[in-house]
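As provided, final-v9.pdb (PDB, C-alpha atoms) reads as follows.
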ATOM      1  CA  MET A 168       0.000   0.000   0.000  1.00  0.00           C
ATOM      2  CA  GLU A 169       1.241   3.477  -0.825  1.00  0.00           C
ATOM      3  CA  ALA A 170       2.086   5.971   1.891  1.00  0.00           C
ATOM      4  CA  THR A 171      -0.490   8.603   2.755  1.00  0.00           C
ATOM      5  CA  LYS A 172      -0.011  12.240   1.722  1.00  0.00           C
ATOM      6  CA  THR A 173       0.247  13.510   5.292  1.00  0.00           C
ATOM      7  CA  ASP A 174       0.395  12.201   8.850  1.00  0.00           C
ATOM      8  CA  ALA A 175      -3.115  13.616   9.324  1.00  0.00           C
ATOM      9  CA  SER A 176      -4.361  11.125   6.716  1.00  0.00           C
ATOM     10  CA  GLU A 177      -3.407   8.275   9.045  1.00  0.00           C
ATOM     11  CA  ASP A 178      -5.521   9.538  11.962  1.00  0.00           C
ATOM     12  CA  GLU A 179      -8.455   7.442  13.081  1.00  0.00           C
ATOM     13  CA  LEU A 180     -11.680   8.221  11.285  1.00  0.00           C
ATOM     14  CA  PRO A 181     -14.719   8.584  13.564  1.00  0.00           C
ATOM     15  CA  LEU A 182     -17.580   6.400  12.347  1.00  0.00           C
ATOM     16  CA  HIS A 183     -21.162   6.095  13.509  1.00  0.00           C
ATOM     17  CA  PRO A 184     -21.545   2.991  15.748  1.00  0.00           C
ATOM     18  CA  GLU A 185     -24.208   1.525  13.444  1.00  0.00           C
ATOM     19  CA  LEU A 186     -21.852   1.810  10.466  1.00  0.00           C
ATOM     20  CA  VAL A 187     -19.122   0.092  12.480  1.00  0.00           C
ATOM     21  CA  GLU A 188     -21.477  -2.823  13.145  1.00  0.00           C
ATOM     22  CA  VAL A 189     -22.443  -3.078   9.457  1.00  0.00           C
ATOM     23  CA  LEU A 190     -18.774  -3.070   8.429  1.00  0.00           C
ATOM     24  CA  ARG A 191     -17.895  -5.698  11.049  1.00  0.00           C
ATOM     25  CA  GLY A 192     -20.739  -7.874   9.785  1.00  0.00           C
ATOM     26  CA  TRP A 193     -19.518  -7.455   6.195  1.00  0.00           C
ATOM     27  CA  LYS A 194     -15.976  -8.395   7.184  1.00  0.00           C
ATOM     28  CA  GLU A 195     -17.171 -11.536   8.978  1.00  0.00           C
ATOM     29  CA  ALA A 196     -19.432 -12.595   6.085  1.00  0.00           C
ATOM     30  CA  GLU A 197     -16.951 -11.987   3.241  1.00  0.00           C
ATOM     31  CA  ALA A 198     -13.713 -13.778   2.589  1.00  0.00           C
ATOM     32  CA  SER A 199     -10.797 -11.584   3.597  1.00  0.00           C
ATOM     33  CA  VAL A 200      -8.537 -10.589   0.728  1.00  0.00           C
ATOM     34  CA  GLU A 201      -5.108  -9.759   2.070  1.00  0.00           C
ATOM     35  CA  GLY A 202      -6.763  -7.951   4.993  1.00  0.00           C
ATOM     36  CA  TRP A 203      -8.742  -5.526   2.806  1.00  0.00           C
ATOM     37  CA  LEU A 204     -12.339  -4.894   3.838  1.00  0.00           C
ATOM     38  CA  PHE A 205     -13.506  -4.612   0.220  1.00  0.00           C
ATOM     39  CA  GLY A 206     -10.948  -6.756  -1.544  1.00  0.00           C
ATOM     40  CA  ASN A 207     -11.068  -8.132  -5.052  1.00  0.00           C
ATOM     41  CA  ILE A 208     -10.813 -11.929  -4.850  1.00  0.00           C
ATOM     42  CA  GLY A 209      -9.414 -12.039  -8.410  1.00  0.00           C
ATOM     43  CA  THR A 210      -6.475  -9.710  -7.770  1.00  0.00           C
ATOM     44  CA  GLY A 211      -5.966  -9.966  -4.016  1.00  0.00           C
ATOM     45  CA  MET A 212      -5.997  -6.175  -3.867  1.00  0.00           C
ATOM     46  CA  PRO A 213      -8.659  -3.597  -3.046  1.00  0.00           C
ATOM     47  CA  TYR A 214     -10.975  -2.555  -5.843  1.00  0.00           C
ATOM     48  CA  HIS A 215      -9.747   0.489  -7.734  1.00  0.00           C
ATOM     49  CA  ALA A 216     -11.676   3.664  -6.851  1.00  0.00           C
ATOM     50  CA  ASP A 217     -12.502   4.389 -10.517  1.00  0.00           C
ATOM     51  CA  THR A 218     -13.947   0.908 -10.988  1.00  0.00           C
ATOM     52  CA  MET A 219     -16.119   1.277  -7.893  1.00  0.00           C
ATOM     53  CA  ARG A 220     -17.245   4.735  -9.024  1.00  0.00           C
ATOM     54  CA  GLN A 221     -18.160   3.586 -12.519  1.00  0.00           C
ATOM     55  CA  ARG A 222     -19.831   0.307 -11.569  1.00  0.00           C
ATOM     56  CA  HIS A 223     -21.603   1.349  -8.406  1.00  0.00           C
ATOM     57  CA  LEU A 224     -21.598   5.044  -7.507  1.00  0.00           C
ATOM     58  CA  ASN A 225     -22.549   6.400 -10.938  1.00  0.00           C
ATOM     59  CA  LYS A 226     -25.135   3.645 -11.356  1.00  0.00           C
ATOM     60  CA  ALA A 227     -26.687   4.470  -7.970  1.00  0.00           C
ATOM     61  CA  ALA A 228     -26.769   8.183  -8.848  1.00  0.00           C
ATOM     62  CA  ALA A 229     -28.463   7.387 -12.169  1.00  0.00           C
ATOM     63  CA  ASP A 230     -30.951   5.023 -10.508  1.00  0.00           C
ATOM     64  CA  LEU A 231     -31.844   7.700  -7.946  1.00  0.00           C
ATOM     65  CA  GLU A 232     -32.185  10.313 -10.699  1.00  0.00           C
ATOM     66  CA  ILE A 233     -30.480  12.975  -8.583  1.00  0.00           C
ATOM     67  CA  GLY A 234     -29.376  14.988 -11.597  1.00  0.00           C
ATOM     68  CA  LEU A 235     -25.627  14.545 -11.427  1.00  0.00           C
ATOM     69  CA  PRO A 236     -24.082  13.670 -14.771  1.00  0.00           C
ATOM     70  CA  LYS A 237     -21.076  12.119 -12.980  1.00  0.00           C
ATOM     71  CA  ILE A 238     -20.445  11.850  -9.283  1.00  0.00           C
ATOM     72  CA  GLY A 239     -17.055  11.241  -7.737  1.00  0.00           C
ATOM     73  CA  TRP A 240     -15.861  10.155  -4.337  1.00  0.00           C
ATOM     74  CA  HIS A 241     -14.660  13.662  -3.527  1.00  0.00           C
ATOM     75  CA  ALA A 242     -18.262  14.911  -3.611  1.00  0.00           C
ATOM     76  CA  PHE A 243     -18.737  13.127  -0.296  1.00  0.00           C
ATOM     77  CA  ARG A 244     -15.906  15.147   1.246  1.00  0.00           C
ATOM     78  CA  HIS A 245     -17.494  18.387   0.052  1.00  0.00           C
ATOM     79  CA  THR A 246     -20.862  17.314   1.451  1.00  0.00           C
ATOM     80  CA  TYR A 247     -19.256  16.262   4.734  1.00  0.00           C
ATOM     81  CA  ARG A 248     -17.490  19.639   4.994  1.00  0.00           C
ATOM     82  CA  ALA A 249     -20.754  21.460   4.261  1.00  0.00           C
ATOM     83  CA  ASN A 250     -22.521  19.480   6.996  1.00  0.00           C
ATOM     84  CA  LEU A 251     -19.708  20.181   9.473  1.00  0.00           C
ATOM     85  CA  SER A 252     -19.934  23.875   8.673  1.00  0.00           C
ATOM     86  CA  GLU A 253     -23.729  23.894   9.014  1.00  0.00           C
ATOM     87  CA  SER A 254     -23.417  22.204  12.418  1.00  0.00           C
ATOM     88  CA  GLY A 255     -21.474  25.193  13.731  1.00  0.00           C
ATOM     89  CA  LEU A 256     -18.375  23.251  14.765  1.00  0.00           C
ATOM     90  CA  PRO A 257     -15.246  25.353  15.236  1.00  0.00           C
ATOM     91  CA  LEU A 258     -12.980  25.390  12.186  1.00  0.00           C
ATOM     92  CA  GLU A 259     -10.191  23.605  14.099  1.00  0.00           C
ATOM     93  CA  VAL A 260     -12.546  20.694  14.896  1.00  0.00           C
ATOM     94  CA  GLN A 261     -13.648  20.571  11.264  1.00  0.00           C
ATOM     95  CA  GLN A 262      -9.971  20.456  10.231  1.00  0.00           C
ATOM     96  CA  LYS A 263      -9.348  17.454  12.493  1.00  0.00           C
ATOM     97  CA  LEU A 264     -12.463  15.624  11.318  1.00  0.00           C
ATOM     98  CA  MET A 265     -11.555  16.279   7.673  1.00  0.00           C
ATOM     99  CA  ARG A 266      -8.009  15.074   8.483  1.00  0.00           C
ATOM    100  CA  HIS A 267      -6.404  18.125   6.907  1.00  0.00           C
ATOM    101  CA  ALA A 268      -2.810  18.823   7.922  1.00  0.00           C
ATOM    102  CA  ASP A 269      -3.268  22.523   7.085  1.00  0.00           C
ATOM    103  CA  ILE A 270      -6.314  24.547   8.147  1.00  0.00           C
ATOM    104  CA  ALA A 271      -6.049  26.452   4.846  1.00  0.00           C
ATOM    105  CA  MET A 272      -7.294  23.307   3.076  1.00  0.00           C
ATOM    106  CA  THR A 273     -10.313  23.155   5.399  1.00  0.00           C
ATOM    107  CA  THR A 274     -11.028  26.800   4.677  1.00  0.00           C
ATOM    108  CA  LYS A 275     -10.697  26.130   0.934  1.00  0.00           C
ATOM    109  CA  TYR A 276     -13.303  23.365   1.171  1.00  0.00           C
ATOM    110  CA  GLY A 277     -15.579  25.841   2.920  1.00  0.00           C
ATOM    111  CA  ARG A 278     -15.709  28.374   0.091  1.00  0.00           C
ATOM    112  CA  SER A 279     -19.272  28.922  -1.017  1.00  0.00           C
ATOM    113  CA  SER A 280     -18.367  28.193  -4.651  1.00  0.00           C
ATOM    114  CA  MET A 281     -17.248  24.700  -3.667  1.00  0.00           C
ATOM    115  CA  LEU A 282     -20.173  24.073  -1.341  1.00  0.00           C
ATOM    116  CA  SER A 283     -22.632  25.016  -4.072  1.00  0.00           C
ATOM    117  CA  LEU A 284     -21.696  21.777  -5.820  1.00  0.00           C
ATOM    118  CA  THR A 285     -22.998  19.718  -2.904  1.00  0.00           C
ATOM    119  CA  GLY A 286     -26.298  21.502  -2.372  1.00  0.00           C
ATOM    120  CA  ASP A 287     -27.985  22.454   0.851  1.00  0.00           C
ATOM    121  CA  PRO A 288     -27.465  19.739   3.508  1.00  0.00           C
ATOM    122  CA  ALA A 289     -31.046  20.316   4.655  1.00  0.00           C
ATOM    123  CA  ASP A 290     -32.326  19.168   1.246  1.00  0.00           C
ATOM    124  CA  GLY A 291     -31.104  15.621   1.841  1.00  0.00           C
ATOM    125  CA  VAL A 292     -30.161  15.120  -1.823  1.00  0.00           C
ATOM    126  CA  PRO A 293     -27.163  16.799  -3.462  1.00  0.00           C
ATOM    127  CA  ALA A 294     -27.825  19.156  -6.304  1.00  0.00           C
ATOM    128  CA  TYR A 295     -25.601  20.060  -9.214  1.00  0.00           C
ATOM    129  CA  ARG A 296     -25.463  23.797  -9.783  1.00  0.00           C
ATOM    130  CA  THR A 297     -23.571  25.593 -12.488  1.00  0.00           C
TER     131      THR A 297
END

Translate the structure described by the file into structure tokens.
Amino acid sequence: MEATKTDASEDELPLHPELVEVLRGWKEAEASVEGWLFGNIGTGMPYHADTMRQRHLNKAAADLEIGLPKIGWHAFRHTYRANLSESGLPLEVQQKLMRHADIAMTTKYGRSSMLSLTGDPADGVPAYRT
């Protein structure tokens, strides 16, 4: 596995307890592939992010008819940052939760032009705005 960009990328990621239980159940039910949670039995490696996006994420977005021509994994980070901002958490806490080494990156994610791509968190469904 390649090294992470920063030490902050290696910090623990807080997960909702129900998600932890679902992931533990998945891990117990599926054959482990070299220790990867979502491993490809054919290659012994994790699935490539582009493959997962094309086969699953884009298909789910199309099935839900949410109006995004293409959705990428980074859209979730923008949505997460928008929700953190809406919650009123201090910027330093948001930085830690986003696992940014530099607070300037957290601030960059908070620009209104970037958040407009994720839509209003209160809407429940992301919107694509030009």

To one decimal in Å, tell me the separation between atom CA of A:His267 and atom CA of A:Ser176.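 Separating atom CA of A:His267 from atom CA of A:Ser176 is a distance of 7.3 Å.
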
Any chance you could work out the residue set of the PyMOL selection byres ((chain A and resi 224) around 12) here, as a ChimeraX atom specification? /A:216-223,225-231,233,235-243

Polymer residues at most 12 Å from A:Gly202, only C-alpha atoms, same-chain spacing of 5 or more positions, as a list in words: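 Those residues are Met168, Lys194, Glu195, Glu197, Asn207, Ile208, Gly211, Met212 and Pro213 of chain A.
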
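In this structure, atom CA of A:Thr171 sits 22.2 Å away from atom CA of A:Thr246.
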
Mind giving me the straight-line distance from atom CA of A:Pro257 to atom CA of A:Gly277 in Å, one decimal?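 Separation of atom CA of A:Pro257 and atom CA of A:Gly277: 12.3 Å.
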
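With the shown file loaded, the PyMOL selection byres ((chain A and resi 182-193) around 12) picks out Glu179, Leu180, Pro181, Lys194, Glu195, Ala196, Glu197, Ala198, Ser199, Trp203, Leu204, Phe205, Gly206 and Leu264 of chain A.
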
Which neighbours of A:Leu258 fall inside 12 Å, counting all atoms listed in the file, when residues of the same chain fewer than 6 positions from it are skipped, and could you give them as an NGL selection string? :A and (248-249 or 251-252 or 264-265 or 267 or 269-277)
